[in-house]
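Student: Following this line is run_14.cif, made up of mmCIF, N, CA and C atoms:
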data_data
#
loop_
_atom_site.label_atom_id
_atom_site.label_comp_id
_atom_site.auth_asym_id
_atom_site.auth_seq_id
_atom_site.Cartn_x
_atom_site.Cartn_y
_atom_site.Cartn_z
N MET A 1 -5.12 -18.69 1.12
CA MET A 1 -4.32 -17.64 0.56
C MET A 1 -2.85 -18.02 0.50
N ALA A 2 -2.38 -18.84 1.39
CA ALA A 2 -0.96 -19.18 1.42
C ALA A 2 -0.54 -19.98 0.19
N SER A 3 -1.49 -20.65 -0.46
CA SER A 3 -1.15 -21.45 -1.63
C SER A 3 -1.11 -20.64 -2.93
N GLU A 4 -1.42 -19.37 -2.87
CA GLU A 4 -1.38 -18.54 -4.07
C GLU A 4 0.05 -18.44 -4.58
N ARG A 5 0.17 -18.32 -5.90
CA ARG A 5 1.48 -18.16 -6.51
C ARG A 5 2.06 -16.79 -6.16
N PRO A 6 3.37 -16.71 -6.05
CA PRO A 6 3.98 -15.40 -5.83
C PRO A 6 3.78 -14.51 -7.05
N PRO A 7 3.77 -13.20 -6.88
CA PRO A 7 3.59 -12.31 -8.02
C PRO A 7 4.71 -12.47 -9.03
N ARG A 8 4.38 -12.29 -10.31
CA ARG A 8 5.38 -12.42 -11.37
C ARG A 8 6.48 -11.37 -11.26
N GLN A 9 6.09 -10.18 -10.91
CA GLN A 9 7.06 -9.11 -10.78
C GLN A 9 6.90 -8.45 -9.42
N VAL A 10 7.99 -8.05 -8.84
CA VAL A 10 7.95 -7.31 -7.58
C VAL A 10 8.65 -5.98 -7.78
N TRP A 11 8.22 -4.99 -7.05
CA TRP A 11 8.80 -3.66 -7.11
C TRP A 11 9.50 -3.40 -5.78
N ARG A 12 10.81 -3.37 -5.84
CA ARG A 12 11.62 -3.11 -4.65
C ARG A 12 11.54 -1.63 -4.31
N PRO A 13 11.80 -1.27 -3.04
CA PRO A 13 11.72 0.14 -2.67
C PRO A 13 12.87 0.97 -3.22
N TYR A 14 13.86 0.34 -3.78
CA TYR A 14 15.00 1.05 -4.38
C TYR A 14 14.99 0.77 -5.88
N GLY A 15 15.81 1.48 -6.60
CA GLY A 15 15.91 1.28 -8.04
C GLY A 15 15.15 2.33 -8.81
N CYS A 16 15.14 2.16 -10.12
CA CYS A 16 14.47 3.13 -10.98
C CYS A 16 13.55 2.44 -11.98
N ASP A 17 13.10 1.23 -11.65
CA ASP A 17 12.15 0.54 -12.52
C ASP A 17 10.88 1.38 -12.64
N PRO A 18 10.25 1.39 -13.80
CA PRO A 18 8.99 2.11 -13.91
C PRO A 18 7.94 1.47 -13.00
N LEU A 19 7.21 2.31 -12.30
CA LEU A 19 6.19 1.83 -11.37
C LEU A 19 4.89 1.51 -12.11
N PRO A 20 4.11 0.58 -11.59
CA PRO A 20 2.82 0.29 -12.23
C PRO A 20 1.84 1.43 -12.00
N SER A 21 0.84 1.49 -12.84
CA SER A 21 -0.22 2.49 -12.64
C SER A 21 -1.04 2.09 -11.42
N ALA A 22 -1.87 3.00 -10.95
CA ALA A 22 -2.71 2.71 -9.78
C ALA A 22 -3.62 1.52 -10.05
N GLU A 23 -4.19 1.44 -11.24
CA GLU A 23 -5.09 0.34 -11.59
C GLU A 23 -4.34 -1.00 -11.57
N ASP A 24 -3.14 -1.00 -12.13
CA ASP A 24 -2.34 -2.23 -12.13
C ASP A 24 -1.92 -2.62 -10.72
N ALA A 25 -1.54 -1.64 -9.91
CA ALA A 25 -1.11 -1.92 -8.54
C ALA A 25 -2.26 -2.47 -7.70
N LEU A 26 -3.47 -1.96 -7.91
CA LEU A 26 -4.63 -2.45 -7.15
C LEU A 26 -4.93 -3.91 -7.45
N ALA A 27 -4.57 -4.39 -8.62
CA ALA A 27 -4.84 -5.78 -8.99
C ALA A 27 -3.79 -6.73 -8.44
N LEU A 28 -2.74 -6.21 -7.83
CA LEU A 28 -1.65 -7.03 -7.31
C LEU A 28 -1.78 -7.24 -5.80
N PRO A 29 -1.21 -8.32 -5.29
CA PRO A 29 -1.17 -8.47 -3.83
C PRO A 29 -0.15 -7.51 -3.24
N LEU A 30 -0.31 -7.20 -1.98
CA LEU A 30 0.61 -6.28 -1.31
C LEU A 30 2.03 -6.83 -1.32
N ARG A 31 2.19 -8.13 -1.30
CA ARG A 31 3.54 -8.71 -1.28
C ARG A 31 4.30 -8.48 -2.59
N ALA A 32 3.66 -7.92 -3.61
CA ALA A 32 4.38 -7.54 -4.83
C ALA A 32 5.20 -6.27 -4.60
N PHE A 33 5.02 -5.66 -3.42
CA PHE A 33 5.75 -4.45 -3.05
C PHE A 33 6.48 -4.69 -1.73
N PRO A 34 7.51 -5.55 -1.74
CA PRO A 34 8.19 -5.90 -0.48
C PRO A 34 8.86 -4.69 0.17
N SER A 35 8.63 -4.54 1.46
CA SER A 35 9.19 -3.47 2.30
C SER A 35 8.61 -2.09 1.99
N TRP A 36 7.58 -2.00 1.20
CA TRP A 36 6.91 -0.72 0.97
C TRP A 36 5.96 -0.46 2.13
N CYS A 37 5.52 0.78 2.26
CA CYS A 37 4.56 1.17 3.29
C CYS A 37 3.26 1.58 2.62
N VAL A 38 2.16 1.31 3.30
CA VAL A 38 0.84 1.76 2.84
C VAL A 38 0.44 2.92 3.75
N ARG A 39 0.21 4.09 3.17
CA ARG A 39 -0.24 5.27 3.93
C ARG A 39 -1.73 5.44 3.67
N ILE A 40 -2.50 5.47 4.76
CA ILE A 40 -3.95 5.54 4.68
C ILE A 40 -4.44 6.73 5.49
N VAL A 41 -5.33 7.54 4.90
CA VAL A 41 -5.94 8.66 5.60
C VAL A 41 -7.43 8.39 5.67
N CYS A 42 -7.98 8.43 6.89
CA CYS A 42 -9.40 8.17 7.10
C CYS A 42 -10.24 9.30 6.52
N GLY A 43 -11.32 8.94 5.83
CA GLY A 43 -12.20 9.92 5.23
C GLY A 43 -13.13 10.60 6.22
N ARG A 44 -13.32 10.01 7.38
CA ARG A 44 -14.23 10.58 8.37
C ARG A 44 -13.51 11.50 9.35
N CYS A 45 -12.42 11.01 9.96
CA CYS A 45 -11.75 11.80 11.00
C CYS A 45 -10.41 12.37 10.54
N GLY A 46 -9.86 11.91 9.42
CA GLY A 46 -8.62 12.44 8.89
C GLY A 46 -7.36 11.86 9.51
N GLU A 47 -7.49 10.87 10.38
CA GLU A 47 -6.31 10.27 10.99
C GLU A 47 -5.50 9.51 9.94
N GLU A 48 -4.19 9.59 10.08
CA GLU A 48 -3.28 8.95 9.13
C GLU A 48 -2.60 7.76 9.79
N ARG A 49 -2.51 6.65 9.03
CA ARG A 49 -1.80 5.46 9.51
C ARG A 49 -0.83 5.03 8.42
N VAL A 50 0.30 4.51 8.85
CA VAL A 50 1.29 3.98 7.92
C VAL A 50 1.59 2.55 8.36
N ILE A 51 1.42 1.61 7.43
CA ILE A 51 1.62 0.20 7.72
C ILE A 51 2.68 -0.35 6.78
N ASN A 52 3.67 -1.02 7.33
CA ASN A 52 4.71 -1.62 6.52
C ASN A 52 4.23 -2.95 5.98
N GLU A 53 4.57 -3.25 4.75
CA GLU A 53 4.15 -4.50 4.10
C GLU A 53 4.59 -5.71 4.89
N ALA A 54 5.78 -5.67 5.47
CA ALA A 54 6.32 -6.82 6.20
C ALA A 54 5.51 -7.15 7.45
N HIS A 55 4.79 -6.17 8.00
CA HIS A 55 4.02 -6.37 9.22
C HIS A 55 2.53 -6.55 8.97
N ALA A 56 2.11 -6.48 7.73
CA ALA A 56 0.68 -6.58 7.40
C ALA A 56 0.26 -8.04 7.34
N PRO A 57 -0.75 -8.43 8.13
CA PRO A 57 -1.20 -9.82 8.08
C PRO A 57 -1.92 -10.17 6.78
N TRP A 58 -2.36 -9.18 6.04
CA TRP A 58 -3.11 -9.38 4.81
C TRP A 58 -2.26 -9.14 3.58
N ARG A 59 -0.97 -9.38 3.66
CA ARG A 59 -0.06 -9.08 2.55
C ARG A 59 -0.28 -9.95 1.33
N ALA A 60 -0.92 -11.11 1.46
CA ALA A 60 -1.16 -11.98 0.30
C ALA A 60 -2.42 -11.57 -0.47
N MET A 61 -3.23 -10.68 0.09
CA MET A 61 -4.47 -10.24 -0.57
C MET A 61 -4.18 -9.16 -1.60
N ARG A 62 -5.02 -9.10 -2.62
CA ARG A 62 -4.91 -8.02 -3.60
C ARG A 62 -5.28 -6.71 -2.94
N LEU A 63 -4.62 -5.65 -3.36
CA LEU A 63 -4.85 -4.34 -2.76
C LEU A 63 -6.29 -3.86 -2.92
N VAL A 64 -6.93 -4.17 -4.03
CA VAL A 64 -8.30 -3.73 -4.25
C VAL A 64 -9.23 -4.34 -3.19
N TYR A 65 -9.01 -5.59 -2.82
CA TYR A 65 -9.84 -6.23 -1.80
C TYR A 65 -9.55 -5.69 -0.41
N ILE A 66 -8.28 -5.37 -0.16
CA ILE A 66 -7.92 -4.79 1.12
C ILE A 66 -8.64 -3.46 1.32
N LEU A 67 -8.61 -2.61 0.30
CA LEU A 67 -9.24 -1.29 0.41
C LEU A 67 -10.75 -1.36 0.51
N ARG A 68 -11.37 -2.34 -0.13
CA ARG A 68 -12.83 -2.49 -0.04
C ARG A 68 -13.27 -2.84 1.38
N ARG A 69 -12.46 -3.62 2.08
CA ARG A 69 -12.84 -4.10 3.40
C ARG A 69 -12.34 -3.23 4.55
N MET A 70 -11.46 -2.29 4.25
CA MET A 70 -10.79 -1.53 5.30
C MET A 70 -11.71 -0.48 5.92
N ARG A 71 -11.69 -0.41 7.24
CA ARG A 71 -12.40 0.61 8.02
C ARG A 71 -11.46 1.10 9.11
N HIS A 72 -11.60 2.36 9.50
CA HIS A 72 -10.80 2.89 10.59
C HIS A 72 -11.34 2.33 11.90
N HIS A 73 -10.46 1.81 12.75
CA HIS A 73 -10.90 1.11 13.96
C HIS A 73 -11.54 2.04 14.99
N ASP A 74 -11.25 3.35 14.98
CA ASP A 74 -11.83 4.26 15.97
C ASP A 74 -13.20 4.79 15.56
N CYS A 75 -13.32 5.24 14.31
CA CYS A 75 -14.57 5.90 13.90
C CYS A 75 -15.35 5.14 12.84
N GLY A 76 -14.78 4.09 12.27
CA GLY A 76 -15.48 3.31 11.25
C GLY A 76 -15.44 3.92 9.87
N GLY A 77 -14.64 4.97 9.67
CA GLY A 77 -14.57 5.65 8.38
C GLY A 77 -13.83 4.84 7.32
N LEU A 78 -14.15 5.13 6.09
CA LEU A 78 -13.50 4.50 4.94
C LEU A 78 -12.21 5.25 4.59
N PRO A 79 -11.26 4.58 3.96
CA PRO A 79 -10.05 5.28 3.55
C PRO A 79 -10.34 6.28 2.43
N ALA A 80 -9.93 7.52 2.63
CA ALA A 80 -10.16 8.56 1.63
C ALA A 80 -8.94 8.72 0.73
N TYR A 81 -7.76 8.56 1.29
CA TYR A 81 -6.52 8.72 0.53
C TYR A 81 -5.62 7.54 0.88
N VAL A 82 -5.14 6.83 -0.14
CA VAL A 82 -4.27 5.67 0.07
C VAL A 82 -3.14 5.74 -0.94
N GLU A 83 -1.92 5.54 -0.45
CA GLU A 83 -0.77 5.50 -1.34
C GLU A 83 0.24 4.48 -0.85
N LEU A 84 1.00 3.94 -1.78
CA LEU A 84 2.13 3.07 -1.48
C LEU A 84 3.38 3.93 -1.49
N LEU A 85 4.21 3.80 -0.45
CA LEU A 85 5.44 4.57 -0.34
C LEU A 85 6.63 3.63 -0.24
N SER A 86 7.69 3.93 -0.96
CA SER A 86 8.88 3.08 -0.89
C SER A 86 9.62 3.28 0.42
N SER A 87 9.48 4.42 1.06
CA SER A 87 10.05 4.69 2.38
C SER A 87 9.32 5.91 2.95
N ILE A 88 9.64 6.23 4.17
CA ILE A 88 9.02 7.38 4.82
C ILE A 88 9.91 8.60 4.59
N GLU A 89 9.30 9.72 4.21
CA GLU A 89 10.08 10.92 3.95
C GLU A 89 10.81 11.36 5.22
N GLY A 90 12.06 11.74 5.06
CA GLY A 90 12.87 12.20 6.18
C GLY A 90 13.57 11.09 6.93
N VAL A 91 13.23 9.84 6.65
CA VAL A 91 13.86 8.72 7.33
C VAL A 91 14.97 8.12 6.48
N SER A 92 14.73 8.03 5.19
CA SER A 92 15.68 7.41 4.28
C SER A 92 16.39 8.48 3.45
N SER A 93 17.60 8.20 3.06
CA SER A 93 18.33 9.13 2.20
C SER A 93 17.94 8.95 0.73
N ARG A 94 17.29 7.84 0.43
CA ARG A 94 16.84 7.59 -0.95
C ARG A 94 15.58 8.41 -1.25
N PRO A 95 15.36 8.73 -2.51
CA PRO A 95 14.12 9.42 -2.86
C PRO A 95 12.92 8.50 -2.63
N VAL A 96 11.82 9.09 -2.21
CA VAL A 96 10.60 8.33 -1.94
C VAL A 96 9.86 8.12 -3.24
N ARG A 97 9.57 6.86 -3.54
CA ARG A 97 8.75 6.53 -4.71
C ARG A 97 7.33 6.30 -4.20
N ARG A 98 6.34 6.73 -4.95
CA ARG A 98 4.96 6.60 -4.47
C ARG A 98 4.01 6.24 -5.61
N ILE A 99 2.99 5.48 -5.22
CA ILE A 99 1.90 5.15 -6.13
C ILE A 99 0.63 5.53 -5.40
N VAL A 100 -0.10 6.50 -5.90
CA VAL A 100 -1.36 6.93 -5.28
C VAL A 100 -2.46 5.99 -5.76
N LEU A 101 -3.06 5.26 -4.81
CA LEU A 101 -4.09 4.28 -5.14
C LEU A 101 -5.49 4.88 -5.08
N ARG A 102 -5.70 5.82 -4.18
CA ARG A 102 -7.01 6.43 -4.03
C ARG A 102 -6.84 7.87 -3.56
N GLU A 103 -7.49 8.78 -4.26
CA GLU A 103 -7.50 10.18 -3.85
C GLU A 103 -8.92 10.56 -3.50
N GLY A 104 -9.09 11.09 -2.32
CA GLY A 104 -10.44 11.42 -1.86
C GLY A 104 -10.66 12.82 -1.78
#
How does the structure come out when it is put into structure tokens?
Tutor:
Amino acid sequence: MASERPPRQVWRPYGCDPLPSAEDALALPLRAFPSWCVRIVCGRCGEERVINEAHAPWRAMRLVYILRRMRHHDCGGLPAYVELLSSIEGVSSRPVRRIVLREG
């Protein structure tokens, strides 16, 4: 995976560039969204997790593959709701940009 080419375009957490659609975002690696957060809600127990792109060990993988393989470590549930967030609400003074990848 380390030998893969970097994405052609990246979406920074700031700015006003038009965001890709959910289908387009799923085809991209997570590193195409530097410093964004992935918010995941478990479909079985409802627990919410937020993971920053910079700390994700699987940042070179395409988002569609990440979501196919993802399971909640406590209950084994699949992700029911997944979105990319440019920042966490209430933490940043900038408006939060979001791309909803999966609605359950």
Student: Listing only residues of segment 2-58 of chain A within 7 Å of segment 84-92 of chain A, what is the closest atom pair and its distance in Å (to one decimal) for each, using all atoms listed in the file, sorted by chain and residue number ascending, as a tab-separated table?
Tutor:
residue	atom	partner	partner_atom	distance
A:Arg12	C	A:Ser86	CA	6.4
A:Pro13	CA	A:Ser86	CA	4.5
A:Tyr14	N	A:Ser86	CA	6.4
A:Ser35	C	A:Ser86	C	5.7
A:Trp36	CA	A:Leu85	C	4.5
A:Cys37	C	A:Leu85	N	3.9
A:Val38	CA	A:Leu84	CA	4.7
A:Arg39	N	A:Leu84	N	5.0
Student: Check the smallest atom-to-atom distance from each of A:His73, A:Arg8, A:Arg68, A:His55 to Leu26 of chain A using only C-alpha atoms, then report the winner.
Tutor: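 Of the candidates, the smallest distance to Leu26 of chain A is held by A:Arg68.
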Student: So what do you get for atom C of Phe33 of chain A versus atom C of Arg102 of chain A, distance-wise?
Tutor: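 Computing it gives 18.4 Å between the two atoms.
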Student: Could you spell out the hits of the PyMOL selection byres ((chain A and resi 49) around 7) on the shown file, as an NGL selection string?
Tutor: :A and (38-42 or 47-48 or 50-51)
Student: Run the PyMOL selection byres ((chain A and resi 78) around 6) mentally over the shown coordinates, then write out the matched residues as a PyMOL selection string, using the chain letters and numbers from the document.
Tutor: chain A and resi 41-44+70-72+76-77+79-80
Student: What is the distance, in Å and to one decimal place, between atom CA of Arg59 of chain A and atom CA of Gly15 of chain A?
Tutor: 21.8 Å
Student: Give me, please, the distance in Å between atom N of Leu19 of chain A and atom CA of Pro57 of chain A, quoted to one decimal.
Tutor: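 These atoms are spaced 25.2 Å apart.
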Student: Please give the complete set of residues from chain A that DSSP, run on the backbone, assigns to strand (DSSP E), formatted as a ChimeraX atom specification.
Tutor: /A:37-42,48-52,79-85,98-102
Student: For the provided coordinates, the residues matched by the PyMOL selection byres (((chain A and resi 62 and name CA) around 8) and name CA) should be stated as a PyMOL selection string.
Tutor: chain A and resi 26-30+59-61+63-66
Student: Output N, CA and C atoms for every residue in the selection just made, as a PDB file, keeping the file's coordinate frame.
Tutor:
ATOM      1  N   LEU A  26      -3.470  -1.960  -7.910  1.00  0.00           N
ATOM      2  CA  LEU A  26      -4.630  -2.450  -7.150  1.00  0.00           C
ATOM      3  C   LEU A  26      -4.930  -3.910  -7.450  1.00  0.00           C
ATOM      4  N   ALA A  27      -4.570  -4.390  -8.620  1.00  0.00           N
ATOM      5  CA  ALA A  27      -4.840  -5.780  -8.990  1.00  0.00           C
ATOM      6  C   ALA A  27      -3.790  -6.730  -8.440  1.00  0.00           C
ATOM      7  N   LEU A  28      -2.740  -6.210  -7.830  1.00  0.00           N
ATOM      8  CA  LEU A  28      -1.650  -7.030  -7.310  1.00  0.00           C
ATOM      9  C   LEU A  28      -1.780  -7.240  -5.800  1.00  0.00           C
ATOM     10  N   PRO A  29      -1.210  -8.320  -5.290  1.00  0.00           N
ATOM     11  CA  PRO A  29      -1.170  -8.470  -3.830  1.00  0.00           C
ATOM     12  C   PRO A  29      -0.150  -7.510  -3.240  1.00  0.00           C
ATOM     13  N   LEU A  30      -0.310  -7.200  -1.980  1.00  0.00           N
ATOM     14  CA  LEU A  30       0.610  -6.280  -1.310  1.00  0.00           C
ATOM     15  C   LEU A  30       2.030  -6.830  -1.320  1.00  0.00           C
ATOM     16  N   ARG A  59      -0.970  -9.380   3.660  1.00  0.00           N
ATOM     17  CA  ARG A  59      -0.060  -9.080   2.550  1.00  0.00           C
ATOM     18  C   ARG A  59      -0.280  -9.950   1.330  1.00  0.00           C
ATOM     19  N   ALA A  60      -0.920 -11.110   1.460  1.00  0.00           N
ATOM     20  CA  ALA A  60      -1.160 -11.980   0.300  1.00  0.00           C
ATOM     21  C   ALA A  60      -2.420 -11.570  -0.470  1.00  0.00           C
ATOM     22  N   MET A  61      -3.230 -10.680   0.090  1.00  0.00           N
ATOM     23  CA  MET A  61      -4.470 -10.240  -0.570  1.00  0.00           C
ATOM     24  C   MET A  61      -4.180  -9.160  -1.600  1.00  0.00           C
ATOM     25  N   LEU A  63      -4.620  -5.650  -3.360  1.00  0.00           N
ATOM     26  CA  LEU A  63      -4.850  -4.340  -2.760  1.00  0.00           C
ATOM     27  C   LEU A  63      -6.290  -3.860  -2.920  1.00  0.00           C
ATOM     28  N   VAL A  64      -6.930  -4.170  -4.030  1.00  0.00           N
ATOM     29  CA  VAL A  64      -8.300  -3.730  -4.250  1.00  0.00           C
ATOM     30  C   VAL A  64      -9.230  -4.340  -3.190  1.00  0.00           C
ATOM     31  N   TYR A  65      -9.010  -5.590  -2.820  1.00  0.00           N
ATOM     32  CA  TYR A  65      -9.840  -6.230  -1.800  1.00  0.00           C
ATOM     33  C   TYR A  65      -9.550  -5.690  -0.410  1.00  0.00           C
ATOM     34  N   ILE A  66      -8.280  -5.370  -0.160  1.00  0.00           N
ATOM     35  CA  ILE A  66      -7.920  -4.790   1.120  1.00  0.00           C
ATOM     36  C   ILE A  66      -8.640  -3.460   1.320  1.00  0.00           C
TER      37      ILE A  66
END
Student: A:Ile99, A:Gly104, A:Val82, A:Glu53: which is nearest Ala22 of chain A, counting only N, CA and C atoms?
Tutor: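 Residue with the minimum atom-to-atom distance to Ala22 of chain A: A:Ile99.
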Student: Once DSSP has gone over the backbone, tell me which residues of chain A are in alpha helix (DSSP H), as a ChimeraX atom specification.
Tutor: /A:22-26,63-69
